[in-house]
Amino acid sequence: MDHQQQQLFSLCSVPYVFNIKKHFFVSLFSLSLLIFSTLVIFNLVGSSSSLEPLLRFGLLSPSSQNSTKDCDYSKGRWVRRTSSSSLIYGEECRFLDSGFRCRKNGRKDSDYLNWRWQPHGCDLPRFNASDFLERSRNGRIVFVGDSIGRNQWESLMCMLSQAVPNKSEIYEVYGSPITKHKGFLSMRFPQQNLTVEYHRTPFLVVIGRPPEHSPQEIKTTVRVDEFNWQSKRWVDSDVLVFNSGHWWNEEKTVLAGTYFEEGRKVNKTMGAMEAFGKSLRTWKSWVLQRLDPDKSYVFFRSYSPVHYRNGTWNLGGLCDAETGPETDKRRMEPDAAHNRYIYEAIEEMKYQHSKVKFLNITYLTEFRKDGHPSRYREGGTPVDAPQDCSHWCLPGVPDTWNEILYAQLLSMNYRTKFNLQDQEMDQKQVQREGITKHRLV
């Protein structure tokens with residue numbers, strides 16, 4: 001037997017093969033243990049902020065946690081801006097209600113403008129107004145809810161308008177002035193054939209007269225099982241942002257003579273939060289029955305915190321002394337009960353309409369006790385009027401809500417349906433031209 005044959009024989013021997021198998025299975029076991037340990041750590045850590053040890057030891061690459069699709073933008077911290085020039089717009093934006101121009105209304109401090117939201121473990125994509133407008137071409141972006149929703153709508157109008165060289169070409173479709181006293185506004189961006197709309201419907205469901213022969217104390221009713229009649233206007237929207245919550249309390253309902261009605265019967269024992277849950281079921285049914293899941297991107301924004309100190313809004317509550325974000329988390333309010341109802345409704349929908357999302361802004365907003373108009377309200381407001389610690393100065397906190405809205409739309413590869421059809425037609429045209437050119441050659 002020559003030397004080469006001896007080598008071959010020794011490689012094929014049982015001890016040698018066994019040795020290879022042993023090392024192979026040990027390596028496989030070690031790899032499996034590493035993967036299992038990583039998964040356990042992922043389950044134990046509740047937030048992306050706890051991923052830092054994994055990054056430090058090389059178990060995750062930085063790029064994997066910076067993915068737009070995987071980022072939880074609702075958790076993070078407020079950090080100072082590098083410069084005031086990073087503000088997207090200023091109070092001169094002509095789409096702002098006068099009540100939100102806090103500096104113009106006499107507010108001297110400006111530090112509330114010097115903060116940006118930094119999510120844990122990832123970054124918010126830079127807001128690109130030109131890109132947002134292009135993705136929304138031939139579409140409709142619609143805000144539905146209470147006056148805090150109008151706050152967010154005005155913010156988005158100012159943010160988008162920065163990409164329009166001639167801002168005077170943006171106009172209100174029905175010629176209405178921008179004022180908080182108007183319940184429906186539709187602004188058109190003619191270059192993109194886009195409308196950005198606000199529909200004031202604080203309860204989302206129908207508010208009407210009580211049934212005949214109702215007790216005298218029942219002045220109006222909220223019909224929790226009947227969706228708002230204006231909803232026919234919203235059916236073909238491309239992006240819908242709902243909000244509700246600030247009117248769902250005993251003070252603005254039962255104590256004001258507004259009771260809850262279901263099945264054409266008034267239920268005087270139904271509380272505000274129970275009624276809110278029932279109204280969300282009505283909202284959910286409407287979304288699933290009336291909206292095209294291939295076309296409509298639907299968001300329900302979480303509850304926007306208020307910051308009245310030393311009293312409620314009508315009993316001397318104040319916030320005008322606040323000049324910076326909250327630094328003591330012990331002073332922050334727990335998550336609003338409304339959010340659990342909203343979240344559960346959306347979870348029940350996700351398999352039937354995958355483009356329905358929870359726009360969670362409550363935690364980040366709870367820090368910003370400094371961002372309200374407080375006593376710096378529009379001209380003509382009585383000196384002894386309650387301070388406004390529920391709405392927001394603009395520019396301000398709602399800009400961050402819209403940055404998160406934009407980020408979530410990017411994560412879903414948002415484009416309007418007509419926009420996608422135009423793209424497909426362009427691609428087909430290119431293909432046809434390529435085929436023709438090939439034949440000519």
# chains A, B, ... in the order shown; residues from 1 in each chain; ligands from 1
>>> select_by_dssp(residues="segment 44-286 of chain A", states="strand (DSSP E or B)", output="PyMOL selection string")
chain A and resi 76-80+115-119+140-145+171-172+184-189+194-200+205-208+220-227+239-242+258-262+265-267
>>> residues_around(residues="segment 403-420 of chain A", least_positions_apart="5", cutoff="9 Å", atoms="only C-alpha atoms", output="PyMOL selection string")
chain A and resi 67-70+73-74+124-128+132+134-140+238-239+294-297+299+355+357+359-361+398+425
>>> select_by_dssp(residues="segment 122-203 of chain A", states="alpha helix (DSSP H)", output="ChimeraX atom specification")
/A:129-135,147-161
>>> atom_distance(atom1="atom CA of Asp384 of chain A", atom2="atom CA of Ala321 of chain A")
16.6 Å
>>> closest_residue(among="A:Thr258, A:Gln162, A:Gln352, A:Asn314", to="Asp292 of chain A", atoms="only C-alpha atoms")
A:Gln352
>>> residues_around(residues="Ala345 of chain A", least_positions_apart="2", cutoff="12 Å", atoms="only C-alpha atoms", output="NGL selection string")
:A and (276-285 or 287-288 or 299-300 or 338-343 or 347-351 or 353 or 356-358)
>>> closest_residue(among="A:Ser83, A:Ser147, A:Gln289, A:Ser110", to="Thr323 of chain A", atoms="only C-alpha atoms")
A:Ser110
>>> residues_around(residues="segment 217-234 of chain A", least_positions_apart="4", cutoff="10 Å", atoms="only C-alpha atoms", output="ChimeraX atom specification")
/A:140-144,197,199-201,203-211,238-240,253-268,274-286,290-291
>>> residues_around(residues="Ser374 of chain A", least_positions_apart="6", cutoff="12 Å", atoms="only C-alpha atoms", output="MDAnalysis selection string")
chainID A and resid 99:103 105:107 306:309 313 316:323 381 383 385:393
>>> closest_residue(among="A:Gly175, A:Gly245, A:Pro305, A:Gly183", to="Phe367 of chain A", atoms="only C-alpha atoms")
A:Pro305
